[in-house]
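Shown below: input-v5.tsv, with TSV, N, CA and C atoms.
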chain	number	residue	atom	x	y	z
A	20	MET	N	10.67	-6.66	16.68
A	20	MET	CA	10.36	-5.61	15.72
A	20	MET	C	10.77	-4.27	16.34
A	21	ARG	N	11.47	-3.47	15.55
A	21	ARG	CA	11.92	-2.19	16.05
A	21	ARG	C	10.78	-1.20	16.12
A	22	ARG	N	11.00	-0.14	16.85
A	22	ARG	CA	9.96	0.85	17.09
A	22	ARG	C	9.38	1.48	15.81
A	23	PRO	N	10.21	1.95	14.85
A	23	PRO	CA	9.63	2.52	13.62
A	23	PRO	C	8.79	1.48	12.86
A	24	GLU	N	9.22	0.22	12.89
A	24	GLU	CA	8.45	-0.83	12.20
A	24	GLU	C	7.11	-1.06	12.88
A	25	ARG	N	7.09	-1.06	14.20
A	25	ARG	CA	5.83	-1.22	14.93
A	25	ARG	C	4.91	-0.04	14.65
A	26	PHE	N	5.49	1.16	14.67
A	26	PHE	CA	4.70	2.36	14.38
A	26	PHE	C	4.16	2.32	12.95
A	27	GLY	N	4.97	1.84	12.01
A	27	GLY	CA	4.53	1.70	10.63
A	27	GLY	C	3.37	0.73	10.50
A	28	GLU	N	3.43	-0.37	11.24
A	28	GLU	CA	2.34	-1.35	11.20
A	28	GLU	C	1.06	-0.76	11.79
A	29	THR	N	1.19	0.00	12.87
A	29	THR	CA	0.03	0.66	13.46
A	29	THR	C	-0.57	1.66	12.47
A	30	LEU	N	0.29	2.43	11.83
A	30	LEU	CA	-0.19	3.38	10.82
A	30	LEU	C	-0.89	2.65	9.67
A	31	ARG	N	-0.31	1.54	9.21
A	31	ARG	CA	-0.91	0.78	8.11
A	31	ARG	C	-2.33	0.34	8.46
A	32	GLU	N	-2.49	-0.18	9.67
A	32	GLU	CA	-3.82	-0.64	10.09
A	32	GLU	C	-4.81	0.53	10.15
A	33	GLU	N	-4.40	1.64	10.72
A	33	GLU	CA	-5.29	2.80	10.86
A	33	GLU	C	-5.62	3.42	9.50
A	34	ILE	N	-4.61	3.55	8.63
A	34	ILE	CA	-4.84	4.14	7.32
A	34	ILE	C	-5.76	3.24	6.50
A	35	ALA	N	-5.55	1.93	6.58
A	35	ALA	CA	-6.41	0.99	5.85
A	35	ALA	C	-7.86	1.13	6.32
A	36	GLU	N	-8.04	1.31	7.60
A	36	GLU	CA	-9.39	1.49	8.17
A	36	GLU	C	-10.02	2.79	7.66
A	37	ILE	N	-9.26	3.86	7.66
A	37	ILE	CA	-9.78	5.16	7.21
A	37	ILE	C	-10.11	5.13	5.72
A	38	VAL	N	-9.17	4.61	4.92
A	38	VAL	CA	-9.39	4.56	3.46
A	38	VAL	C	-10.55	3.63	3.13
A	39	GLY	N	-10.63	2.52	3.83
A	39	GLY	CA	-11.65	1.52	3.52
A	39	GLY	C	-13.04	1.88	3.97
A	40	PHE	N	-13.16	2.60	5.10
A	40	PHE	CA	-14.49	2.81	5.68
A	40	PHE	C	-14.93	4.25	5.86
A	41	GLU	N	-14.00	5.20	5.87
A	41	GLU	CA	-14.37	6.58	6.15
A	41	GLU	C	-14.36	7.49	4.92
A	42	LEU	N	-13.62	7.11	3.90
A	42	LEU	CA	-13.57	7.92	2.69
A	42	LEU	C	-14.63	7.43	1.71
A	43	ASP	N	-15.46	8.35	1.28
A	43	ASP	CA	-16.55	7.98	0.37
A	43	ASP	C	-16.22	8.48	-1.03
A	44	ASP	N	-15.24	7.82	-1.64
A	44	ASP	CA	-14.81	8.18	-2.98
A	44	ASP	C	-14.75	6.91	-3.81
A	45	PRO	N	-15.51	6.83	-4.89
A	45	PRO	CA	-15.52	5.60	-5.69
A	45	PRO	C	-14.16	5.24	-6.29
A	46	ARG	N	-13.27	6.21	-6.41
A	46	ARG	CA	-11.93	5.93	-6.94
A	46	ARG	C	-11.09	5.12	-5.96
A	47	LEU	N	-11.54	5.04	-4.70
A	47	LEU	CA	-10.77	4.35	-3.66
A	47	LEU	C	-11.33	2.97	-3.31
A	48	GLU	N	-12.29	2.49	-4.09
A	48	GLU	CA	-12.90	1.20	-3.80
A	48	GLU	C	-11.93	0.04	-3.93
A	49	ASN	N	-10.97	0.13	-4.83
A	49	ASN	CA	-10.04	-0.97	-5.10
A	49	ASN	C	-8.65	-0.72	-4.53
A	50	VAL	N	-8.57	0.04	-3.45
A	50	VAL	CA	-7.28	0.38	-2.85
A	50	VAL	C	-7.01	-0.52	-1.66
A	51	THR	N	-5.80	-1.08	-1.62
A	51	THR	CA	-5.36	-1.88	-0.48
A	51	THR	C	-4.05	-1.30	0.02
A	52	VAL	N	-3.99	-0.98	1.31
A	52	VAL	CA	-2.76	-0.47	1.91
A	52	VAL	C	-1.91	-1.69	2.28
A	53	THR	N	-0.71	-1.80	1.70
A	53	THR	CA	0.11	-2.98	1.90
A	53	THR	C	1.21	-2.79	2.94
A	54	GLU	N	1.78	-1.59	3.01
A	54	GLU	CA	2.90	-1.37	3.91
A	54	GLU	C	3.07	0.12	4.17
A	55	VAL	N	3.62	0.45	5.32
A	55	VAL	CA	3.96	1.84	5.63
A	55	VAL	C	5.39	1.85	6.15
A	56	GLU	N	6.24	2.61	5.50
A	56	GLU	CA	7.62	2.80	5.95
A	56	GLU	C	7.74	4.18	6.59
A	57	VAL	N	8.17	4.20	7.83
A	57	VAL	CA	8.29	5.46	8.57
A	57	VAL	C	9.76	5.86	8.61
A	58	ALA	N	10.02	7.13	8.33
A	58	ALA	CA	11.39	7.66	8.40
A	58	ALA	C	11.88	7.57	9.84
A	59	PRO	N	13.18	7.46	10.04
A	59	PRO	CA	13.73	7.36	11.40
A	59	PRO	C	13.31	8.50	12.33
A	60	ASP	N	13.13	9.71	11.78
A	60	ASP	CA	12.71	10.84	12.61
A	60	ASP	C	11.18	10.91	12.77
A	61	LYS	N	10.47	9.98	12.15
A	61	LYS	CA	9.01	9.86	12.23
A	61	LYS	C	8.26	11.07	11.68
A	62	ARG	N	8.91	11.85	10.84
A	62	ARG	CA	8.26	13.02	10.26
A	62	ARG	C	7.57	12.70	8.93
A	63	ASP	N	8.04	11.67	8.24
A	63	ASP	CA	7.47	11.28	6.95
A	63	ASP	C	7.21	9.79	6.94
A	64	ALA	N	6.21	9.40	6.15
A	64	ALA	CA	5.89	7.98	6.00
A	64	ALA	C	5.48	7.73	4.56
A	65	ARG	N	6.02	6.67	3.99
A	65	ARG	CA	5.61	6.21	2.66
A	65	ARG	C	4.54	5.16	2.85
A	66	VAL	N	3.39	5.41	2.26
A	66	VAL	CA	2.26	4.48	2.36
A	66	VAL	C	2.15	3.77	1.02
A	67	TYR	N	2.47	2.48	1.02
A	67	TYR	CA	2.42	1.70	-0.21
A	67	TYR	C	1.02	1.14	-0.39
A	68	VAL	N	0.47	1.34	-1.61
A	68	VAL	CA	-0.88	0.88	-1.90
A	68	VAL	C	-0.91	0.10	-3.20
A	69	VAL	N	-1.81	-0.88	-3.24
A	69	VAL	CA	-2.09	-1.61	-4.47
A	69	VAL	C	-3.48	-1.17	-4.91
A	70	ILE	N	-3.59	-0.77	-6.17
A	70	ILE	CA	-4.87	-0.34	-6.72
A	70	ILE	C	-5.16	-1.21	-7.92
A	71	SER	N	-6.24	-1.97	-7.85
A	71	SER	CA	-6.57	-2.83	-8.98
A	71	SER	C	-7.33	-2.03	-10.03
A	72	GLY	N	-7.08	-2.39	-11.27
A	72	GLY	CA	-7.72	-1.70	-12.39
A	72	GLY	C	-6.69	-1.38	-13.46
A	73	ASP	N	-7.14	-0.65	-14.47
A	73	ASP	CA	-6.21	-0.28	-15.53
A	73	ASP	C	-5.41	0.96	-15.10
A	74	GLU	N	-4.51	1.39	-15.96
A	74	GLU	CA	-3.60	2.48	-15.61
A	74	GLU	C	-4.35	3.77	-15.24
A	75	SER	N	-5.44	4.09	-15.93
A	75	SER	CA	-6.18	5.32	-15.63
A	75	SER	C	-6.87	5.21	-14.26
A	76	GLU	N	-7.36	4.03	-13.91
A	76	GLU	CA	-7.98	3.83	-12.58
A	76	GLU	C	-6.93	3.92	-11.48
A	77	ILE	N	-5.75	3.40	-11.74
A	77	ILE	CA	-4.66	3.47	-10.76
A	77	ILE	C	-4.26	4.92	-10.54
A	78	ASN	N	-4.10	5.68	-11.62
A	78	ASN	CA	-3.73	7.09	-11.50
A	78	ASN	C	-4.83	7.89	-10.79
A	79	ALA	N	-6.09	7.57	-11.07
A	79	ALA	CA	-7.20	8.26	-10.41
A	79	ALA	C	-7.21	7.93	-8.92
A	80	GLY	N	-6.92	6.69	-8.58
A	80	GLY	CA	-6.86	6.29	-7.17
A	80	GLY	C	-5.75	6.99	-6.42
A	81	LEU	N	-4.58	7.09	-7.04
A	81	LEU	CA	-3.46	7.80	-6.41
A	81	LEU	C	-3.78	9.28	-6.24
A	82	ALA	N	-4.44	9.88	-7.23
A	82	ALA	CA	-4.84	11.29	-7.13
A	82	ALA	C	-5.84	11.48	-5.99
A	83	ALA	N	-6.78	10.54	-5.86
A	83	ALA	CA	-7.77	10.63	-4.77
A	83	ALA	C	-7.10	10.49	-3.42
A	84	LEU	N	-6.12	9.61	-3.31
A	84	LEU	CA	-5.39	9.45	-2.04
A	84	LEU	C	-4.60	10.71	-1.70
A	85	LYS	N	-3.98	11.30	-2.70
A	85	LYS	CA	-3.23	12.54	-2.47
A	85	LYS	C	-4.17	13.64	-2.00
A	86	HIS	N	-5.34	13.72	-2.62
A	86	HIS	CA	-6.33	14.72	-2.24
A	86	HIS	C	-6.84	14.48	-0.82
A	87	ALA	N	-6.98	13.22	-0.42
A	87	ALA	CA	-7.52	12.88	0.89
A	87	ALA	C	-6.46	12.81	1.99
A	88	SER	N	-5.20	13.02	1.65
A	88	SER	CA	-4.12	12.84	2.63
A	88	SER	C	-4.26	13.75	3.85
A	89	THR	N	-4.76	14.96	3.67
A	89	THR	CA	-4.95	15.86	4.80
A	89	THR	C	-6.02	15.31	5.75
A	90	PHE	N	-7.12	14.82	5.20
A	90	PHE	CA	-8.16	14.21	6.02
A	90	PHE	C	-7.62	13.00	6.77
A	91	VAL	N	-6.90	12.14	6.08
A	91	VAL	CA	-6.33	10.94	6.71
A	91	VAL	C	-5.37	11.34	7.82
A	92	HIS	N	-4.55	12.35	7.57
A	92	HIS	CA	-3.60	12.85	8.57
A	92	HIS	C	-4.35	13.35	9.81
A	93	GLN	N	-5.41	14.11	9.61
A	93	GLN	CA	-6.19	14.63	10.74
A	93	GLN	C	-6.84	13.51	11.54
A	94	ARG	N	-7.37	12.49	10.85
A	94	ARG	CA	-7.99	11.35	11.54
A	94	ARG	C	-6.95	10.60	12.35
A	95	LEU	N	-5.75	10.44	11.80
A	95	LEU	CA	-4.68	9.76	12.53
A	95	LEU	C	-4.28	10.56	13.77
A	96	ALA	N	-4.25	11.88	13.64
A	96	ALA	CA	-3.89	12.73	14.77
A	96	ALA	C	-4.90	12.58	15.91
A	97	ARG	N	-6.17	12.38	15.56
A	97	ARG	CA	-7.20	12.19	16.60
A	97	ARG	C	-7.16	10.80	17.20
A	98	THR	N	-6.82	9.82	16.38
A	98	THR	CA	-6.88	8.42	16.80
A	98	THR	C	-5.64	7.99	17.59
A	99	LEU	N	-4.46	8.34	17.08
A	99	LEU	CA	-3.21	7.89	17.68
A	99	LEU	C	-2.77	8.83	18.79
A	100	GLU	N	-2.16	8.26	19.79
A	100	GLU	CA	-1.65	9.07	20.89
A	100	GLU	C	-0.15	9.25	20.72
A	101	VAL	N	0.22	10.07	19.74
A	101	VAL	CA	1.62	10.34	19.45
A	101	VAL	C	1.83	11.84	19.37
A	102	LYS	N	3.08	12.23	19.58
A	102	LYS	CA	3.40	13.66	19.54
A	102	LYS	C	3.24	14.22	18.13
A	103	TYR	N	3.75	13.49	17.13
A	103	TYR	CA	3.67	13.92	15.75
A	103	TYR	C	3.12	12.79	14.89
A	104	VAL	N	2.25	13.14	13.97
A	104	VAL	CA	1.80	12.20	12.95
A	104	VAL	C	2.61	12.53	11.70
A	105	PRO	N	3.25	11.53	11.10
A	105	PRO	CA	4.10	11.82	9.95
A	105	PRO	C	3.31	12.32	8.74
A	106	HIS	N	3.99	13.07	7.91
A	106	HIS	CA	3.42	13.49	6.63
A	106	HIS	C	3.33	12.26	5.74
A	107	LEU	N	2.17	12.02	5.14
A	107	LEU	CA	1.93	10.80	4.38
A	107	LEU	C	2.22	11.00	2.90
A	108	HIS	N	2.96	10.06	2.32
A	108	HIS	CA	3.26	10.04	0.90
A	108	HIS	C	2.73	8.72	0.34
A	109	PHE	N	1.68	8.78	-0.46
A	109	PHE	CA	1.08	7.57	-1.02
A	109	PHE	C	1.87	7.16	-2.27
A	110	VAL	N	2.28	5.88	-2.30
A	110	VAL	CA	3.12	5.36	-3.37
A	110	VAL	C	2.52	4.06	-3.88
A	111	ARG	N	2.55	3.90	-5.17
A	111	ARG	CA	2.05	2.66	-5.78
A	111	ARG	C	2.99	1.51	-5.46
A	112	ASP	N	2.46	0.42	-4.92
A	112	ASP	CA	3.23	-0.77	-4.60
A	112	ASP	C	3.18	-1.69	-5.81
A	113	THR	N	4.30	-1.88	-6.45
A	113	THR	CA	4.35	-2.68	-7.66
A	113	THR	C	4.88	-4.09	-7.40
A	114	ALA	N	5.12	-4.45	-6.17
A	114	ALA	CA	5.69	-5.77	-5.86
A	114	ALA	C	4.78	-6.90	-6.34
A	115	GLU	N	3.48	-6.78	-6.12
A	115	GLU	CA	2.57	-7.84	-6.56
A	115	GLU	C	2.50	-7.90	-8.08
A	116	GLU	N	2.51	-6.76	-8.73
A	116	GLU	CA	2.50	-6.74	-10.20
A	116	GLU	C	3.76	-7.40	-10.74
A	117	ASN	N	4.90	-7.09	-10.12
A	117	ASN	CA	6.17	-7.69	-10.56
A	117	ASN	C	6.16	-9.20	-10.33
A	118	ALA	N	5.65	-9.64	-9.20
A	118	ALA	CA	5.59	-11.07	-8.90
A	118	ALA	C	4.69	-11.80	-9.89
A	119	ALA	N	3.56	-11.19	-10.23
A	119	ALA	CA	2.66	-11.80	-11.21
A	119	ALA	C	3.34	-11.90	-12.57
A	120	ARG	N	4.07	-10.88	-12.95
A	120	ARG	CA	4.78	-10.87	-14.24
A	120	ARG	C	5.86	-11.95	-14.25
A	121	VAL	N	6.60	-12.10	-13.17
A	121	VAL	CA	7.63	-13.14	-13.08
A	121	VAL	C	6.96	-14.52	-13.18
A	122	GLY	N	5.83	-14.68	-12.52
A	122	GLY	CA	5.09	-15.94	-12.60
A	122	GLY	C	4.68	-16.27	-14.02
A	123	GLU	N	4.22	-15.25	-14.76
A	123	GLU	CA	3.84	-15.44	-16.16
A	123	GLU	C	5.05	-15.87	-16.99
A	124	ILE	N	6.16	-15.21	-16.77
A	124	ILE	CA	7.37	-15.53	-17.54
A	124	ILE	C	7.82	-16.96	-17.25
A	125	LEU	N	7.82	-17.33	-15.96
A	125	LEU	CA	8.24	-18.68	-15.59
A	125	LEU	C	7.30	-19.74	-16.17
A	126	SER	N	6.02	-19.48	-16.17
A	126	SER	CA	5.09	-20.46	-16.73
A	126	SER	C	5.25	-20.57	-18.24
A	127	ASP	N	5.66	-19.49	-18.90
A	127	ASP	CA	5.89	-19.52	-20.34
A	127	ASP	C	7.15	-20.30	-20.71
A	128	LEU	N	8.08	-20.44	-19.77
A	128	LEU	CA	9.32	-21.15	-20.05
A	128	LEU	C	9.12	-22.65	-20.18
A	129	ASP	N	8.02	-23.18	-19.64
A	129	ASP	CA	7.69	-24.60	-19.73
A	129	ASP	C	8.82	-25.47	-19.18
A	130	ILE	N	9.21	-25.18	-17.95
A	130	ILE	CA	10.25	-25.96	-17.27
A	130	ILE	C	9.58	-27.18	-16.65
A	131	PRO	N	10.14	-28.41	-16.88
A	131	PRO	CA	9.54	-29.59	-16.26
A	131	PRO	C	9.68	-29.54	-14.75
A	132	GLU	N	8.68	-30.07	-14.05
A	132	GLU	CA	8.71	-30.08	-12.60
A	132	GLU	C	9.83	-30.98	-12.10
A	133	GLU	N	10.36	-30.69	-10.94
A	133	GLU	CA	11.45	-31.45	-10.36
A	133	GLU	C	10.99	-32.87	-10.07
A	134	GLY	N	11.82	-33.84	-10.38
A	134	GLY	CA	11.48	-35.22	-10.12
A	134	GLY	C	10.75	-35.90	-11.26
A	135	LYS	N	10.27	-35.13	-12.21
A	135	LYS	CA	9.59	-35.71	-13.35
A	135	LYS	C	10.50	-35.64	-14.57
A	136	THR	N	10.46	-36.67	-15.36
A	136	THR	CA	11.27	-36.68	-16.57
A	136	THR	C	10.37	-36.64	-17.78
A	137	GLU	N	10.87	-36.01	-18.83
A	137	GLU	CA	10.10	-35.96	-20.06
A	137	GLU	C	10.39	-37.21	-20.86
A	138	ASN	N	9.41	-37.73	-21.57
A	138	ASN	CA	9.59	-38.92	-22.40
A	138	ASN	C	9.90	-38.57	-23.81
Here is a file; write its structure as structure tokens.
Amino acid sequence: MRRPERFGETLREEIAEIVGFELDDPRLENVTVTEVEVAPDKRDARVYVVISGDESEINAGLAALKHASTFVHQRLARTLEVKYVPHLHFVRDTAEENAARVGEILSDLDIPEEGKTEN
């Protein structure tokens, strides 16, 4: 694993800990940090999150994360022993939603399982 990827994984673990246990905001109860992509210069990081709920709850969760980003950044600066903590950009991770939708479409197609024949 390359250095930015390792740093991204460390950030993901720390951010998940901060969001899950240190932020006392009910809008963040259903937030899961899935991945962190760090820019090559380590100045910016995209934090991918999955927020369960309807569209208004997802938007409220993203707004709460944006509002809390300064606090999260400060906590990371205290916790991590790095020269710079990247600026955090919280982004909705739609990969799971897309996978679920593809699964629904495939199940609707009613394709027979391999090795089985229809009578």
Centre and edges of the stretch 122-129 of chain A box, axis-aligned, 4 Å extra per side, as lines of an AutoDock Vina configuration file:
center_x = 6.6
center_y = -20.1
center_z = -16.6
size_x = 13.5
size_y = 18.8
size_z = 16.2
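Of the listed residues A:Leu30, A:Leu47, A:Val66, A:Val38, the one whose atoms come nearest to A:Arg111 is A:Val66, with distances taken using all atoms listed in the file.
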Selected residue, from A:Val57, A:Val69, A:Ala79, A:Ala87, that lies nearest to A:Phe26 when counting only C-alpha atoms: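 Smallest distance to A:Phe26 is found for A:Val57.
The gap separating atom CA of A:Val68 from atom CA of A:Val52 is 4.5 Å, in Å to one decimal.
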Length of the atom CA of A:Glu123 to atom CA of A:Tyr67 vector [Å]: 23.5 Å
Report the closest atom pair, with its distance in Å rounded to one decimal, for each residue of stretch 44-92 of chain A that has an atom no farther than 10 Å from stretch 99-104 of chain A; count only C-alpha atoms, sort by chain and then rising residue number, and write it as JSON lines.
{"residue": "A:Lys61", "atom": "CA", "partner": "A:Tyr103", "partner_atom": "CA", "distance": 7.6}
{"residue": "A:Arg62", "atom": "CA", "partner": "A:Val104", "partner_atom": "CA", "distance": 7.0}
{"residue": "A:Asp63", "atom": "CA", "partner": "A:Val104", "partner_atom": "CA", "distance": 8.3}
{"residue": "A:Ala64", "atom": "CA", "partner": "A:Val104", "partner_atom": "CA", "distance": 9.1}
{"residue": "A:His92", "atom": "CA", "partner": "A:Val104", "partner_atom": "CA", "distance": 7.0}
